[in-house]
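Asker: Take a look at this one; I'll ask things after.
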Amino acid sequence: MNVLVINSGSSSIKYKIFNMSDKSVLASGVIDRIGEPVSSLKHRWMKADGEYEEISLTRKIDDHSEGLQWITCVSEDTGLTRQLEELFGIGHRVVHGGEVFQKPAVINDKVIETIREMAPLAPLHNPANLVAIEAAVKNYPDVPQVAVFDTAFHQTMPPHAFHYAVPYELYKNYHVRRYGFHGTSHQFVSKQAAAYLGRPPEEINLITLHIGNGVSAAAVRGGRSIDTSMGMTPLEGLIMGTRCGDIDPSLPFYIAERSGLSINDIERMLNKESGLKGICGANDMREIISNSGKDDLAKLAIDMFCYRIKKYIGAYHAVLGRTDAIVFTGGIGENAGLIRARCCEGLEAFGIKIDEQKNASSSGAAHEINKADAKVRILVIPTNEELEIAGQTVETILAAK
Ligand code: ADP
């Protein structure tokens with residue numbers, strides 16, 4: 001049973017083909033610079049002997065439909081014809097499902113229309129996701145396709161967690177509320193954590209921390225998200241590579257008045273020039289860590305980054321009442337022991353105790369880094385959003401049959 005997962009941006013398509021019987025990746029790749037004079041394709045595939053090979057190609061690709069045709073051709077050229085002919089389904093990552101989509105949806109005209117109506121909530125992302133959905137429907141008309149939403153996992157948040165204290169009509173008229181993102185990742189690692197702990201998801205409470213370029217935390221009670229740090233957009237919450245996270249909502253007005261920058265300029269600044277980059281000029285955590293010994297601003301950026309995560313751990317510990325485990329994932333969460341240690345520093349009284357030695361050892365698999373006598377387990381679990389999308393695609397197609 002093979003599933004193609006597509007994650008598209010306005011000028012890019014990332015893809016992975018899974019063999020769902022053993023969860024192996026048959027092929028993966030990315031097309032960049034669609035619509036520009038020269039587009040590039042990186043394609044990696046599994047050969048008959050189980051080893052992987054990679055090629056890089058360039059040519060002009062006008063749109064996503066042509067991009068998908070290119071992927072099909074290259075896949076066939078590299079011996080994956082049968083795997084494509086046997087596609088059980090195609091799963092699409094869609095950023096915003098608003099309040100309509102609480103779970104994945106089999107794609108049909110109505111679902112496409114509803115995702116289109118949701119575009120004002122995610123003006124950069126949903127239109128780009130739709131272009132790829134329409135191209136895939138055109139290229140693979142006989143393969144069932146499923147939209148998997150980044151927001152869906154957090155639709156279980158209760159009203160007191162998802163409302164903003166602004167005039168209620170804004171919610172009624174313009175859908176102003178907190179939605180949360182990274183849902184597929186939080187859901188994936190929650191399930192993995194339950195499996196690791198050997199307990200049913202319904203019985204455990206988790207704080208999941210997705211710490212990559214984008215950063216978000218979720219409080220997960222019994223397998224359901226009850227709060228998360230990102231809001232109406234991914235800008236709210238924790239400090240990120242280039243996003244500011246929580247700030248005083250008056251800041252944009254003050255900055256506009258003092259600097260003369262437009263609202264659009266300030267929105268761009270808060271999304272692209274802030275966070276770690278805004279403080280120390282770099283947003284790659286490896287670089288920041290290596291500079292932190294000699295550069296005060298790199299040190300400050302790390303101090304702020306970890307302090308904010310620690311505050312959210314405290315808040316979600318209070319929200320959950322009892323925390324069984326904290327889960328670190330994402331490029332930083334999975335690889336940066338220093339950051340994990342700093343986020344948990346001083347939380348011993350809550351039963352959160354990192355074992356330095358376990359924290360220093362790296363492993364590509366799920367592992368535990370808490371002290372043996374700690375009340376709260378601390379897990380490092382590699383995320384795999386594409387595999388979660390593939391799994392949800394299969395479940396959704398089977399349920400609809
Ligand atoms: P995205 O959110 O774009 O998917 P990732 O989850 O891949 O990003 O995370 C990217 C971040 O992870 C970068 O800041 C990178 O520096 C950081 N990172 C990756 N490996 C390490 C490492 N070994 N030590 C510290 N940071 C790391």
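Ordered as shown in the structure tokens, chains take letters A, B, and onward, while each chain numbers its residues from 1 and ligands are numbered from 1 in the order shown.
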I need the residues in stretch 116-236 of chain A that are strand (DSSP E) according to DSSP; give them as a list of chain:residue names.

Answerer: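 Matching residues for strand (DSSP E) in stretch 116-236 of chain A are A:Gln145, A:Val146, A:Ala147, A:Val148, A:Phe149, A:Asn205, A:Leu206, A:Ile207, A:Thr208, A:Leu209, A:His210, A:Ile211, A:Val215, A:Ser216, A:Ala217, A:Ala218, A:Ala219, A:Val220, A:Arg221, A:Arg224, A:Ser225, A:Ile226, A:Asp227, A:Thr228.
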
Asker: Take the residues from that selection and put them in a file with C-alpha atoms, as a PDB file, in the first residue's frame.

Answerer:
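Contents of out.pdb, as written:
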ATOM      1  CA  GLN A 145      -6.757  12.277  -2.062  1.00  0.00           C
ATOM      2  CA  VAL A 146      -6.934  13.569   1.495  1.00  0.00           C
ATOM      3  CA  ALA A 147      -6.298  16.984   3.043  1.00  0.00           C
ATOM      4  CA  VAL A 148      -4.560  16.807   6.442  1.00  0.00           C
ATOM      5  CA  PHE A 149      -4.723  20.079   8.364  1.00  0.00           C
ATOM      6  CA  ASN A 205      -0.911  13.826  29.994  1.00  0.00           C
ATOM      7  CA  LEU A 206       1.905  15.316  27.930  1.00  0.00           C
ATOM      8  CA  ILE A 207       3.617  18.599  27.241  1.00  0.00           C
ATOM      9  CA  THR A 208       4.871  18.346  23.662  1.00  0.00           C
ATOM     10  CA  LEU A 209       7.528  20.812  22.541  1.00  0.00           C
ATOM     11  CA  HIS A 210       8.161  21.136  18.795  1.00  0.00           C
ATOM     12  CA  ILE A 211      11.375  23.134  18.656  1.00  0.00           C
ATOM     13  CA  VAL A 215       8.529  26.535  17.718  1.00  0.00           C
ATOM     14  CA  SER A 216       5.341  25.552  19.524  1.00  0.00           C
ATOM     15  CA  ALA A 217       4.212  23.807  22.694  1.00  0.00           C
ATOM     16  CA  ALA A 218       1.035  21.848  23.332  1.00  0.00           C
ATOM     17  CA  ALA A 219      -0.710  20.568  26.448  1.00  0.00           C
ATOM     18  CA  VAL A 220      -2.111  17.157  25.501  1.00  0.00           C
ATOM     19  CA  ARG A 221      -4.561  15.478  27.890  1.00  0.00           C
ATOM     20  CA  ARG A 224      -6.283  15.506  22.844  1.00  0.00           C
ATOM     21  CA  SER A 225      -4.745  18.959  22.584  1.00  0.00           C
ATOM     22  CA  ILE A 226      -6.215  21.246  25.242  1.00  0.00           C
ATOM     23  CA  ASP A 227      -3.910  24.228  24.690  1.00  0.00           C
ATOM     24  CA  THR A 228      -1.123  25.277  22.391  1.00  0.00           C
TER      25      THR A 228
END

Asker: Give me, as CSV, each residue of chain A that comes within 7 Å of ligand 1, together with its shortest interatomic pair and the distance in Å at one decimal, counting only C-alpha atoms and all ligand atoms, with rows ordered by chain and rising residue number.

Answerer:
residue,atom,partner,partner_atom_place_in_ligand_line,distance
A:Ile211,CA,ligand 1,6 (O),6.5
A:Gly212,CA,ligand 1,9 (O),3.4
A:Asn213,CA,ligand 1,2 (O),3.6
A:Gly214,CA,ligand 1,2 (O),4.4
A:Gly241,CA,ligand 1,14 (O),6.5
A:Asn283,CA,ligand 1,14 (O),5.9
A:Asp284,CA,ligand 1,14 (O),3.8
A:Met285,CA,ligand 1,16 (O),3.7
A:Arg286,CA,ligand 1,25 (C),4.3
A:Glu287,CA,ligand 1,16 (O),6.7
A:Gly330,CA,ligand 1,6 (O),4.0
A:Gly331,CA,ligand 1,9 (O),3.4
A:Ile332,CA,ligand 1,12 (O),4.1
A:Asn335,CA,ligand 1,23 (N),4.4
A:Ala336,CA,ligand 1,24 (N),4.2

Asker: Output N, CA, C and O atoms for every residue in that selection, as an mmCIF file, in the first residue's frame.

Answerer:
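And here's selection_11.cif as it stands now:
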data_model
loop_
_atom_site.group_PDB
_atom_site.id
_atom_site.type_symbol
_atom_site.label_atom_id
_atom_site.label_comp_id
_atom_site.auth_asym_id
_atom_site.auth_seq_id
_atom_site.Cartn_x
_atom_site.Cartn_y
_atom_site.Cartn_z
ATOM 1 N N ILE A 211 10.396 22.046 18.667
ATOM 2 C CA ILE A 211 11.375 23.134 18.656
ATOM 3 C C ILE A 211 12.258 22.996 17.419
ATOM 4 O O ILE A 211 13.229 22.229 17.392
ATOM 5 N N GLY A 212 11.868 23.705 16.365
ATOM 6 C CA GLY A 212 12.658 23.723 15.136
ATOM 7 C C GLY A 212 12.835 25.176 14.744
ATOM 8 O O GLY A 212 13.008 26.037 15.616
ATOM 9 N N ASN A 213 12.753 25.458 13.455
ATOM 10 C CA ASN A 213 12.740 26.867 13.047
ATOM 11 C C ASN A 213 11.484 27.537 13.568
ATOM 12 O O ASN A 213 11.511 28.618 14.120
ATOM 13 N N GLY A 214 10.338 26.839 13.345
ATOM 14 C CA GLY A 214 9.099 27.223 14.024
ATOM 15 C C GLY A 214 9.097 26.513 15.364
ATOM 16 O O GLY A 214 9.647 25.418 15.485
ATOM 17 N N GLY A 241 12.874 30.984 15.195
ATOM 18 C CA GLY A 241 14.050 31.390 14.418
ATOM 19 C C GLY A 241 13.979 32.852 14.010
ATOM 20 O O GLY A 241 14.903 33.631 14.274
ATOM 21 N N ASN A 283 19.688 32.768 12.856
ATOM 22 C CA ASN A 283 18.541 31.961 13.282
ATOM 23 C C ASN A 283 18.839 30.471 13.256
ATOM 24 O O ASN A 283 17.976 29.665 13.557
ATOM 25 N N ASP A 284 20.067 30.105 12.922
ATOM 26 C CA ASP A 284 20.450 28.698 12.949
ATOM 27 C C ASP A 284 21.018 28.389 14.338
ATOM 28 O O ASP A 284 22.040 28.946 14.738
ATOM 29 N N MET A 285 20.319 27.513 15.071
ATOM 30 C CA MET A 285 20.692 27.284 16.463
ATOM 31 C C MET A 285 22.118 26.762 16.617
ATOM 32 O O MET A 285 22.804 27.069 17.585
ATOM 33 N N ARG A 286 22.587 25.964 15.631
ATOM 34 C CA ARG A 286 23.960 25.447 15.737
ATOM 35 C C ARG A 286 24.960 26.599 15.777
ATOM 36 O O ARG A 286 25.885 26.640 16.588
ATOM 37 N N GLU A 287 24.713 27.577 14.889
ATOM 38 C CA GLU A 287 25.603 28.743 14.812
ATOM 39 C C GLU A 287 25.509 29.560 16.101
ATOM 40 O O GLU A 287 26.528 30.004 16.656
ATOM 41 N N GLY A 330 11.532 18.153 16.884
ATOM 42 C CA GLY A 330 11.968 19.232 15.978
ATOM 43 C C GLY A 330 13.491 19.282 15.935
ATOM 44 O O GLY A 330 14.173 18.678 16.791
ATOM 45 N N GLY A 331 14.038 19.981 14.954
ATOM 46 C CA GLY A 331 15.489 20.013 14.734
ATOM 47 C C GLY A 331 16.282 20.369 15.983
ATOM 48 O O GLY A 331 17.308 19.750 16.277
ATOM 49 N N ILE A 332 15.809 21.344 16.752
ATOM 50 C CA ILE A 332 16.513 21.746 17.974
ATOM 51 C C ILE A 332 16.157 20.793 19.116
ATOM 52 O O ILE A 332 17.033 20.290 19.826
ATOM 53 N N ASN A 335 18.003 17.526 18.746
ATOM 54 C CA ASN A 335 19.473 17.495 18.638
ATOM 55 C C ASN A 335 20.250 18.338 19.643
ATOM 56 O O ASN A 335 21.446 18.121 19.821
ATOM 57 N N ALA A 336 19.607 19.324 20.240
ATOM 58 C CA ALA A 336 20.370 20.265 21.066
ATOM 59 C C ALA A 336 20.158 19.979 22.559
ATOM 60 O O ALA A 336 19.239 20.530 23.195
#

Asker: Hey, can you check how far atom CA of A:Gly89 sits from atom CA of A:Glu76?

Answerer: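 Value for the atom CA of A:Gly89-atom CA of A:Glu76 distance: 17.7 Å.
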
Asker: So what do you get for atom CA of A:Ile55 versus atom CA of A:Val137, distance-wise?

Answerer: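 Between atom CA of A:Ile55 and atom CA of A:Val137 the gap works out to 26.5 Å.
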
Asker: Restricting the calculation to only C-alpha atoms, which member of A:Ser250, A:Asn384, A:Thr156, A:Ser11 is positioned closest to A:Gly223?

Answerer: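 Checking each of A:Ser250, A:Asn384, A:Thr156, A:Ser11 against A:Gly223, counting only C-alpha atoms, the winner is A:Thr156.
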
Asker: For the atom pair atom CA of A:Met232 and atom CA of A:Arg177, what is the interatomic distance in Å to one decimal place?

Answerer: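 Between atom CA of A:Met232 and atom CA of A:Arg177 the gap is 5.6 Å.
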
Asker: Please provide the set of residues having any atom within 8 Å of A:Ile352, restricted to only C-alpha atoms, with same-chain residues fewer than 6 positions apart removed, written as a ChimeraX atom specification.

Answerer: /A:344,370,374-378

Asker: With all heavy atoms retained, could you export that selection as a CSV table (one decimal), in the first residue's frame?

Answerer:
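Final output, saved to out03.csv:
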chain,number,residue,atom,x,y,z
A,344,CYS,N,14.6,23.0,31.1
A,344,CYS,CA,14.2,22.2,32.2
A,344,CYS,C,14.9,22.6,33.5
A,344,CYS,O,14.5,22.1,34.6
A,344,CYS,CB,14.4,20.7,32.0
A,344,CYS,SG,13.4,20.1,30.7
A,370,ASN,N,15.3,11.6,31.4
A,370,ASN,CA,15.1,12.1,32.8
A,370,ASN,C,15.9,11.2,33.7
A,370,ASN,O,16.3,10.1,33.4
A,370,ASN,CB,13.6,12.0,33.1
A,370,ASN,CG,13.0,10.6,32.8
A,370,ASN,OD1,12.7,10.4,31.6
A,370,ASN,ND2,13.0,9.7,33.8
A,374,ALA,N,12.8,10.7,38.7
A,374,ALA,CA,12.0,11.9,38.3
A,374,ALA,C,10.5,11.5,38.2
A,374,ALA,O,10.2,10.4,37.6
A,374,ALA,CB,12.5,12.5,37.0
A,375,LYS,N,9.6,12.3,38.6
A,375,LYS,CA,8.2,12.0,38.5
A,375,LYS,C,7.7,12.2,37.1
A,375,LYS,O,6.8,11.5,36.6
A,375,LYS,CB,7.4,13.0,39.4
A,375,LYS,CG,7.0,12.4,40.7
A,375,LYS,CD,5.8,13.0,41.4
A,375,LYS,CE,5.4,14.4,41.1
A,375,LYS,NZ,5.4,15.3,42.3
A,376,VAL,N,8.3,13.2,36.4
A,376,VAL,CA,7.9,13.5,35.0
A,376,VAL,C,9.0,12.9,34.1
A,376,VAL,O,10.2,13.2,34.2
A,376,VAL,CB,7.8,15.0,34.8
A,376,VAL,CG1,7.5,15.3,33.3
A,376,VAL,CG2,6.8,15.6,35.8
A,377,ARG,N,8.5,12.0,33.1
A,377,ARG,CA,9.5,11.5,32.2
A,377,ARG,C,9.8,12.5,31.1
A,377,ARG,O,8.9,13.4,30.8
A,377,ARG,CB,8.9,10.2,31.5
A,377,ARG,CG,8.2,9.2,32.4
A,377,ARG,CD,9.3,8.3,33.0
A,377,ARG,NE,9.6,7.3,32.0
A,377,ARG,CZ,9.0,6.1,31.8
A,377,ARG,NH1,7.9,5.8,32.5
A,377,ARG,NH2,9.4,5.2,31.0
A,378,ILE,N,11.0,12.6,30.7
A,378,ILE,CA,11.4,13.5,29.6
A,378,ILE,C,11.9,12.7,28.4
A,378,ILE,O,12.8,12.0,28.5
A,378,ILE,CB,12.5,14.5,30.1
A,378,ILE,CG1,12.1,15.2,31.4
A,378,ILE,CG2,12.8,15.6,29.0
A,378,ILE,CD1,13.2,16.0,32.1

Asker: Env of stretch 189-200 of chain A: 7 Å cut, atoms = only C-alpha atoms, seq-sep filter 2 positions within chain, self excluded. Answer as a list in words.

Answerer: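 These residues fall inside the cut-off: Ser185, His186, Gln187, Glu202, Glu203, Gly223, Ile381 and Thr383 of chain A.
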
Asker: Please produce a file of those selected residues containing N, CA and C atoms, as an mmCIF file, in the first residue's frame.

Answerer:
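Heads up, here's the output in part_38.cif:
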data_model
loop_
_atom_site.group_PDB
_atom_site.id
_atom_site.type_symbol
_atom_site.label_atom_id
_atom_site.label_comp_id
_atom_site.auth_asym_id
_atom_site.auth_seq_id
_atom_site.Cartn_x
_atom_site.Cartn_y
_atom_site.Cartn_z
ATOM 1 N N SER A 185 2.590 17.272 13.880
ATOM 2 C CA SER A 185 3.778 16.888 14.642
ATOM 3 C C SER A 185 3.410 16.593 16.102
ATOM 4 N N HIS A 186 2.632 17.487 16.725
ATOM 5 C CA HIS A 186 2.234 17.245 18.130
ATOM 6 C C HIS A 186 1.464 15.926 18.252
ATOM 7 N N GLN A 187 0.597 15.658 17.268
ATOM 8 C CA GLN A 187 -0.189 14.423 17.308
ATOM 9 C C GLN A 187 0.721 13.206 17.135
ATOM 10 N N GLU A 202 -5.109 7.674 25.952
ATOM 11 C CA GLU A 202 -6.208 8.245 26.741
ATOM 12 C C GLU A 202 -5.830 8.418 28.209
ATOM 13 N N GLU A 203 -4.802 7.701 28.652
ATOM 14 C CA GLU A 203 -4.480 7.717 30.083
ATOM 15 C C GLU A 203 -3.360 8.691 30.443
ATOM 16 N N GLY A 223 -4.506 12.305 24.932
ATOM 17 C CA GLY A 223 -4.416 12.227 23.465
ATOM 18 C C GLY A 223 -5.052 13.393 22.739
ATOM 19 N N ILE A 381 11.782 12.584 20.979
ATOM 20 C CA ILE A 381 11.128 11.749 19.964
ATOM 21 C C ILE A 381 11.228 12.435 18.594
ATOM 22 N N THR A 383 10.268 13.722 15.198
ATOM 23 C CA THR A 383 8.954 13.886 14.580
ATOM 24 C C THR A 383 8.996 13.343 13.157
#

Asker: Which residues are close to stretch 118-127 of chain A, i.e. within 9 Å by only C-alpha atoms, leaving aside same-chain residues fewer than 2 positions away? Reply as a list in words.

Answerer: Ser8, Gly9, Ser10, Val94, Val95, His96, Gly97, Gly98, Glu113, Thr114, Ile115, Arg116, Asn129, Leu130, Val131, Ala132, His175, Val176, Met232 and Thr233 of chain A

Asker: At a cut-off of 10 Å, using only C-alpha atoms, what residues contact stretch 34-48 of chain A? Leave out same-chain residues fewer than 3 positions from it and give the result as a ChimeraX atom specification.

Answerer: /A:9-17,24-31,51-64,66-67,70-71,74-75,78-80

Asker: Those residues you just picked out, can you put them in a file as a short mmCIF file (atom, residue, chain, number, x, y, z; two decimals), in the first residue's frame with C-alpha atoms?

Answerer:
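Okay, result-v8.cif is ready:
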data_model
loop_
_atom_site.label_atom_id
_atom_site.label_comp_id
_atom_site.auth_asym_id
_atom_site.auth_seq_id
_atom_site.Cartn_x
_atom_site.Cartn_y
_atom_site.Cartn_z
CA GLY A 9 4.49 26.13 -0.98
CA SER A 10 3.83 28.90 -3.46
CA SER A 11 6.91 27.98 -5.53
CA SER A 12 7.87 24.57 -4.17
CA ILE A 13 6.63 21.00 -3.82
CA LYS A 14 8.07 18.64 -1.21
CA TYR A 15 7.02 15.01 -1.58
CA LYS A 16 7.53 11.55 -0.11
CA ILE A 17 6.26 8.18 -1.27
CA SER A 24 9.72 2.70 4.35
CA VAL A 25 10.31 5.73 2.15
CA LEU A 26 10.37 4.67 -1.52
CA ALA A 27 11.22 8.14 -2.78
CA SER A 28 11.36 11.72 -1.57
CA GLY A 29 12.34 15.06 -2.96
CA VAL A 30 11.69 18.71 -3.48
CA ILE A 31 11.10 20.98 -6.45
CA GLU A 51 20.12 1.48 -0.88
CA TYR A 52 19.19 5.10 -1.67
CA GLU A 53 20.44 7.17 -4.60
CA GLU A 54 19.97 10.90 -5.22
CA ILE A 55 19.91 13.08 -8.34
CA SER A 56 19.66 16.86 -8.84
CA LEU A 57 18.09 18.19 -12.04
CA THR A 58 17.13 21.59 -13.43
CA ARG A 59 14.65 22.76 -16.08
CA LYS A 60 11.89 25.31 -16.50
CA ILE A 61 8.68 24.41 -14.66
CA ASP A 62 5.77 26.80 -15.11
CA ASP A 63 3.34 25.58 -12.48
CA HIS A 64 2.59 22.92 -9.85
CA GLU A 66 3.96 20.58 -14.52
CA GLY A 67 5.97 20.03 -11.33
CA TRP A 70 8.13 16.09 -13.58
CA ILE A 71 8.06 14.12 -10.32
CA VAL A 74 11.61 11.17 -12.74
CA SER A 75 10.04 8.53 -10.48
CA THR A 78 14.25 5.74 -11.56
CA GLY A 79 12.19 2.54 -11.59
CA LEU A 80 9.20 3.54 -9.44
#

Asker: Could you check the closest approach to A:Gly237 for each of A:Lys299, A:Arg258, A:Lys311, A:Lys272 and tell me which residue wins, using only C-alpha atoms?

Answerer: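 Smallest separation from A:Gly237 among the options: A:Lys311.
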
Asker: Run DSSP on the backbone and give me the residues of stretch 212-349 of chain A it puts in helix (DSSP H, G or I), as a PyMOL selection string.

Answerer: chain A and resi 251-259+263-272+275-280+285-291+296-320+330-335+337-344+348-349

Asker: Using only C-alpha atoms, which of the listed residues (A:Ser361, A:Ile288, A:Phe305, A:Gly260) sits closest to A:Met240?

Answerer: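 Comparing A:Ser361, A:Ile288, A:Phe305, A:Gly260 against A:Met240, the winner is A:Phe305.
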